[in-house]
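Note sheet for the following structure.
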Amino acid sequence: MRKSIIVLVSVMLVFTLVGCKSTKVRGEWWNNPPMDTAEMHYEVGVAKGQTVQISREWAKANANQNLAAYINNSIEAIVTTYTNESGEINSDYMQAVQSFESKSKQTATATLSRVSYIFKVMDDGTTYVLAALPTDVLAQQFKDNASSSFSKTEAAEQANQMMQSAIDKYFN
């Protein structure tokens, strides 16, 4: 009897702790999406299709489209910061900046493979998805792209450091 009570209390305690944790972490994110943190960028997608599966895929695609827009905006902001701080850019560096932009946009697809998703299906069939993108992965990919975009000269190394600085400023 005592063993049964201990097991029952333990199970109730686990359910209570799990329930409290999920409320604190998730809440009603479909009404009030979480704010970005230093580690994560969040986007919400929503859809209502003929089936729950169609709605889930459609909502996920909408969230991914929002993430892709965020990545593009990030790239543009980093390039703007770089060009503003570096002053006049010669044609070699402009080609390197364009190479960085191109490589970074191509890595957006790879970055989306690291996204985690939480789904919420409403009674009327509307499906919401919360997509969480780890920003450290994105920042590292941008840094790798910057390093490979500039040729290996002293001036290029300085330009690369300035691009790295622009990336750090954007993500911090």
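Letters A, B, ... go to the chains of the structure tokens in the order shown; residues in each chain start at 1; ligands are counted from 1 in the same order.
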All residues 9 Å or closer to region 125-138 of chain A, only C-alpha atoms, same chain fewer than 4 positions away omitted, as JSON, numbers by chain: {"A": [29, 30, 33, 37, 38, 39, 40, 41, 42, 43, 44, 45, 46, 47, 48, 49, 50, 51, 52, 55, 56, 58, 59, 60, 62, 63, 64, 67, 71, 107, 108, 111, 112, 114, 115, 116, 117, 118, 119, 120, 121, 142, 143, 171]}
For the alpha helix (DSSP H) assignment from backbone DSSP, which residues of chain A qualify? Please present them as a ChimeraX atom specification. /A:2-25,52-86,91-112,135-149,154-171
From a backbone DSSP assignment, name each residue in region 130-171 of chain A labelled strand (DSSP E or B), as a ChimeraX atom specification. /A:130-134
Quick one: everything within 8 Å of region 101-103 of chain A, counting only C-alpha atoms, minus sequence neighbours fewer than 2 positions away in the same chain. Send it as an MDAnalysis selection string. chainID A and resid 75:76 79 97:99 105:107 145
Top pick for closest residue to Gln164 (chain A), considering A:Met35, A:Ile54, A:Ala96, A:Ile78 and counting only C-alpha atoms: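 Smallest separation from Gln164 (chain A) among the options: A:Ile78.
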Distance in Å - CA of Lys169 (chain A) versus CA of Ser113 (chain A):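 Between CA of Lys169 (chain A) and CA of Ser113 (chain A) the gap is 24.7 Å.
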Near-Tyr82 (chain A) list (10 Å; only C-alpha atoms; drop same-chain fewer than 3 positions) as number ranges by chain: A: 76-79, 85-87, 89, 97, 159-167
CA of Gln140 (chain A) and CA of Ala61 (chain A), how far apart in Å? 24.2 Å
Atomic separation - CA of Thr83 (chain A) relative to CA of Asp36 (chain A), Å: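 CA of Thr83 (chain A) lies at a distance of 26.1 Å from CA of Asp36 (chain A).
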